[in-house]
>>> print(open('query_1.txt').read())   # compact mmCIF, C-alpha atoms
# COMPACT_ATOMS: atom_id res chain seq x y z
CA MET A 1 -9.36 43.13 -1.31
CA GLY A 2 -6.03 44.54 -0.11
CA LEU A 3 -2.74 42.96 -0.94
CA SER A 4 -2.11 41.93 2.68
CA ASN A 5 -5.51 40.19 2.91
CA ALA A 6 -4.91 38.34 -0.35
CA LEU A 7 -1.49 37.21 0.83
CA PHE A 8 -2.99 35.97 4.11
CA LEU A 9 -5.58 33.85 2.26
CA VAL A 10 -2.93 32.31 0.02
CA LEU A 11 -0.70 31.41 2.96
CA SER A 12 -3.66 30.00 4.88
CA ALA A 13 -4.54 27.72 1.97
CA LEU A 14 -0.98 26.46 1.80
CA LEU A 15 -0.94 25.62 5.49
CA ILE A 16 -4.18 23.62 5.57
CA ASP A 17 -3.54 20.24 7.18
CA THR A 18 -3.96 17.56 4.54
CA GLY A 19 -3.30 14.73 6.99
CA TYR A 20 0.16 13.98 5.61
CA SER A 21 3.61 15.27 6.41
CA SER A 22 4.44 18.50 4.61
CA VAL A 23 7.39 16.80 2.91
CA SER A 24 6.65 13.36 1.50
CA ALA A 25 9.31 10.80 0.62
CA PRO A 26 12.27 12.78 2.07
CA PHE A 27 14.74 10.54 0.27
CA CYS A 28 14.67 7.49 -1.94
CA GLN A 29 16.30 4.36 -0.61
CA CYS A 30 15.34 2.19 -3.60
CA PRO A 31 17.17 3.09 -5.78
CA CYS A 32 13.89 4.00 -7.45
CA GLU A 33 15.41 3.97 -10.93
CA ASN A 34 15.68 0.18 -10.56
CA ARG A 35 11.93 -0.31 -10.22
CA ILE A 36 10.43 -2.87 -12.55
CA SER A 37 7.80 -2.44 -15.25
CA ILE A 38 4.87 -4.84 -15.01
CA SER A 39 3.95 -6.57 -18.25
CA LYS A 40 0.74 -5.26 -19.80
CA ASP A 41 -0.38 -8.87 -20.11
CA TRP A 42 -0.66 -8.87 -16.31
CA PHE A 43 -2.69 -5.65 -15.94
CA ASN A 44 -6.10 -7.35 -15.71
CA CYS A 45 -5.20 -9.31 -12.59
CA ILE A 46 -2.19 -9.92 -10.34
CA THR A 47 -1.62 -11.45 -6.91
CA ILE A 48 0.86 -10.17 -4.31
CA TYR A 49 2.48 -12.93 -2.27
CA SER A 50 4.06 -12.32 1.15
CA MET A 51 7.36 -14.11 1.69
CA LYS A 52 6.79 -13.85 5.45
CA THR A 53 3.34 -15.42 5.79
CA LYS A 54 3.32 -17.54 2.60
CA GLY A 55 -0.03 -15.97 1.77
CA TYR A 56 -1.50 -13.06 -0.17
CA VAL A 57 -2.23 -9.36 0.23
CA THR A 58 -6.00 -9.34 0.76
CA ALA A 59 -8.73 -6.70 1.22
CA ASP A 60 -10.92 -7.30 4.26
CA GLU A 61 -14.42 -7.47 2.78
CA HIS A 62 -16.13 -7.76 6.18
CA TYR A 63 -14.42 -5.24 8.47
CA PRO A 64 -13.95 -1.61 7.40
CA PHE A 65 -11.37 0.60 9.07
CA LEU A 66 -13.79 3.55 8.81
CA GLN A 67 -17.39 2.67 7.97
CA TYR A 68 -18.21 3.64 4.36
CA TYR A 69 -14.73 5.17 3.80
CA GLU A 70 -11.74 2.87 4.35
CA ARG A 71 -11.13 -0.88 4.49
CA TYR A 72 -8.43 -2.94 6.22
CA VAL A 73 -5.88 -4.98 4.28
CA PHE A 74 -4.19 -8.11 5.67
CA ALA A 75 -2.01 -11.03 4.58
CA THR A 76 -3.28 -14.59 4.50
CA ASN A 77 -1.07 -17.60 5.22
CA GLN A 78 -0.63 -21.20 4.03
CA ASN A 79 -1.07 -20.11 0.40
CA LYS A 80 -4.72 -19.14 0.95
CA LEU A 81 -5.83 -17.23 -2.13
CA TRP A 82 -9.31 -15.68 -2.07
CA GLY A 83 -11.12 -13.46 -4.55
CA THR A 84 -10.29 -10.47 -2.34
CA ALA A 85 -6.58 -11.05 -3.01
CA LYS A 86 -6.72 -10.23 -6.71
CA TRP A 87 -5.70 -6.79 -7.98
CA LYS A 88 -6.08 -4.88 -11.24
CA VAL A 89 -3.03 -2.87 -12.32
CA GLU A 90 -3.49 0.71 -13.50
CA TYR A 91 -0.48 2.26 -15.26
CA LYS A 92 0.32 5.91 -14.46
CA GLU A 93 1.11 7.58 -17.77
CA GLY A 94 4.44 9.37 -17.87
CA ASN A 95 5.72 7.55 -14.76
CA ASN A 96 7.45 4.41 -15.88
CA GLY A 97 7.15 1.64 -13.34
CA THR A 98 4.48 3.39 -11.24
CA TYR A 99 1.05 1.77 -10.84
CA GLY A 100 -2.30 1.94 -9.13
CA LEU A 101 -3.71 -1.29 -7.65
CA LYS A 102 -7.47 -1.84 -7.58
CA ASN A 103 -8.97 -4.76 -5.73
CA LEU A 104 -11.11 -6.72 -8.17
CA TYR A 105 -13.56 -7.97 -5.56
CA VAL A 106 -14.40 -4.83 -3.59
CA LYS A 107 -13.55 -2.48 -6.54
CA GLU A 108 -11.40 -0.20 -4.36
CA TRP A 109 -7.92 1.33 -4.72
CA LEU A 110 -5.05 0.33 -2.44
CA HIS A 111 -3.62 3.42 -0.72
CA ALA A 112 -1.70 4.78 2.27
CA GLY A 113 -3.61 5.99 5.32
CA ARG A 114 -3.16 9.57 6.52
CA ASN A 115 -0.92 10.54 9.46
CA ASP A 116 -3.94 10.74 11.75
CA GLN A 117 -4.84 7.19 10.69
CA ALA A 118 -1.41 5.83 11.60
CA ARG A 119 -1.16 2.94 14.03
CA ASP A 120 1.82 4.65 15.72
CA SER A 121 4.99 6.56 14.83
CA PHE A 122 6.39 3.50 13.05
CA ARG A 123 3.39 2.06 11.20
CA ARG A 124 0.91 3.60 8.77
CA TYR A 125 -2.25 1.70 7.93
CA LEU A 126 -2.53 0.17 4.47
CA LEU A 127 -6.14 0.56 3.32
CA THR A 128 -8.48 0.46 0.37
CA LYS A 129 -10.62 3.51 -0.34
CA ILE A 130 -14.33 2.68 -0.25
CA ARG A 131 -15.52 6.09 -1.43
CA GLY A 132 -12.96 6.84 -4.11
CA ASP A 133 -13.06 7.63 -7.80
CA PRO A 134 -13.63 4.22 -9.43
CA ASN A 135 -11.53 5.23 -12.44
CA ILE A 136 -8.54 7.04 -10.92
CA PRO A 137 -6.37 5.99 -7.95
CA PRO A 138 -6.05 8.54 -5.10
CA ARG A 139 -2.81 10.53 -4.99
CA ASP A 140 -1.52 8.21 -2.24
CA GLY A 141 -2.50 5.13 -4.23
CA TYR A 142 0.48 4.68 -6.57
CA TRP A 143 3.11 1.98 -6.11
CA GLN A 144 6.54 0.89 -7.33
CA PHE A 145 8.08 -2.58 -7.19
CA ILE A 146 11.76 -2.41 -6.24
CA PRO A 147 13.98 -5.46 -6.80
CA ASP A 148 16.87 -6.21 -4.46
CA PRO A 149 19.50 -8.65 -5.75
CA LYS A 150 20.37 -9.62 -2.15
CA ILE A 151 16.86 -11.02 -1.67
CA GLY A 152 16.57 -13.26 -4.72
CA LYS A 153 15.01 -13.35 -8.14
CA ASP A 154 11.51 -11.96 -8.62
CA VAL A 155 11.20 -10.74 -5.01
CA TYR A 156 10.37 -7.08 -4.45
CA ARG A 157 9.86 -4.35 -1.93
CA ILE A 158 6.72 -2.32 -2.62
CA ARG A 159 7.05 1.44 -2.27
CA ASN A 160 4.27 4.01 -1.97
CA THR A 161 5.26 6.91 -4.24
CA PHE A 162 3.43 9.56 -2.20
CA THR A 163 4.91 8.82 1.23
CA GLY A 164 8.11 7.08 0.12
CA GLU A 165 7.32 4.30 2.59
CA TYR A 166 7.48 0.54 2.08
CA LEU A 167 4.82 -2.07 2.53
CA PHE A 168 5.43 -4.70 5.22
CA VAL A 169 3.62 -7.53 7.00
CA ASP A 170 3.54 -6.91 10.73
CA ASP A 171 3.97 -9.57 13.41
CA GLU A 172 0.73 -8.22 14.89
CA GLN A 173 -2.37 -10.27 14.17
CA HIS A 174 -5.30 -8.66 12.39
CA ILE A 175 -7.69 -8.17 15.32
CA GLN A 176 -10.77 -8.97 13.22
CA ARG A 177 -9.18 -12.18 11.88
CA TYR A 178 -6.71 -13.58 14.40
CA ASP A 179 -5.28 -16.17 12.05
CA TYR A 180 -3.78 -13.50 9.79
CA ASN A 181 -1.30 -10.63 9.96
CA ARG A 182 -1.90 -6.94 9.43
CA LEU A 183 -0.22 -4.97 6.64
CA TYR A 184 1.25 -1.52 7.20
CA LEU A 185 3.63 0.95 5.64
CA TRP A 186 6.92 1.33 7.52
CA ARG A 187 7.19 5.04 8.35
CA LEU A 188 10.92 5.07 9.23
CA THR A 189 12.18 4.70 5.68
CA GLY A 190 15.84 5.05 6.68
CA ASN A 191 15.72 2.10 9.10
CA TYR A 192 14.85 -0.69 6.70
CA GLN A 193 16.67 -3.97 7.36
CA SER A 194 17.55 -5.75 4.12
CA THR A 195 17.32 -9.14 5.86
CA ASP A 196 13.76 -8.58 7.07
CA ASN A 197 11.35 -10.82 5.13
CA ARG A 198 8.36 -8.77 6.30
CA HIS A 199 9.17 -6.40 3.40
CA TRP A 200 9.47 -9.06 0.70
CA PHE A 201 6.77 -9.81 -1.86
CA LYS A 202 6.31 -11.67 -5.11
CA ILE A 203 3.85 -10.69 -7.82
CA ALA A 204 2.28 -13.03 -10.34
CA LYS A 205 -0.34 -12.99 -13.06
CA CYS A 206 -3.62 -14.52 -11.92
CA LYS A 207 -4.19 -18.05 -13.14
>>> encode(input="query_1.txt", output="structure tokens")
Amino acid sequence: MGLSNALFLVLSALLIDTGYSSVSAPFCQCPCENRISISKDWFNCITIYSMKTKGYVTADEHYPFLQYYERYVFATNQNKLWGTAKWKVEYKEGNNGTYGLKNLYVKEWLHAGRNDQARDSFRRYLLTKIRGDPNIPPRDGYWQFIPDPKIGKDVYRIRNTFTGEYLFVDDEQHIQRYDYNRLYLWRLTGNYQSTDNRHWFKIAKCK
């Protein structure tokens, strides 16, 4: 194989569309160094509570986003806590304060949808991966919990480490369950409003 052909193949491989932007997390508006470390005593099971809906981050056991591949995630209200709202924490070695989250009921990792799975230019779907490695989170399935002293004690923004985007509860209802709100990742990371409770979450050890 000639040098020019080899170079062409290498460049082609680099340009394959992975479904994400070529540059992830263009800047960090955390500051990420302030992310918390979750106690190992909590790793077996945590809940994630939305300050907006007064409910919990929940995997939709009945309605997949893509049959056999991806599942919707939504937020309950009125303190409704179901088995599908409990998450196992997986620590990423060598990355202090970075974790995978596996739903204990459906046994799937929480992760960010691809660009072609985005709702629109502002919102990226938050999903669980039905056909994933049961032991290792996908590369877009790692999370950081960022405190903000302006919000209050033990309240966090949740950042996806692959996209650099933050989890939020949308005002839009989850079409499959009209009583509840959809969860997305906010794609315009530079336009976050610190007074917006859609981005605020509490975590707790399961009782």
>>> closest_residue(input="query_1.txt", among="A:Phe122, A:Tyr99, A:Tyr69, A:Trp87", to="Thr161 (chain A)", atoms="all atoms listed in the file")
A:Tyr99
>>> closest_residue(input="query_1.txt", among="A:Thr58, A:Asp120, A:Leu185, A:Trp200", to="Asp148 (chain A)", atoms="all atoms listed in the file")
A:Trp200
>>> closest_residue(input="query_1.txt", among="A:Pro147, A:Gly100, A:Gly55, A:Pro134", to="Asn160 (chain A)", atoms="only C-alpha atoms")
A:Gly100
>>> residues_around(input="query_1.txt", residues="Ala204 (chain A)", least_positions_apart="2", cutoff="8 Å", atoms="all atoms listed in the file", output="list of chain:residue names")
A:Trp42, A:Ile46, A:Thr47, A:Ile48, A:Lys202, A:Cys206
>>> atom_distance(input="query_1.txt", atom1="CA of Asn77 (chain A)", atom2="CA of Asp60 (chain A)")
14.3 Å
>>> residues_near_point(input="query_1.txt", point="(4.7, 4.3, -2.8)", cutoff="7 Å", atoms="all atoms listed in the file", output="list in words")
Tyr142, Trp143, Gln144, Ile158, Arg159, Asn160, Thr161, Phe162, Thr163, Gly164, Glu165 and Tyr166 of chain A
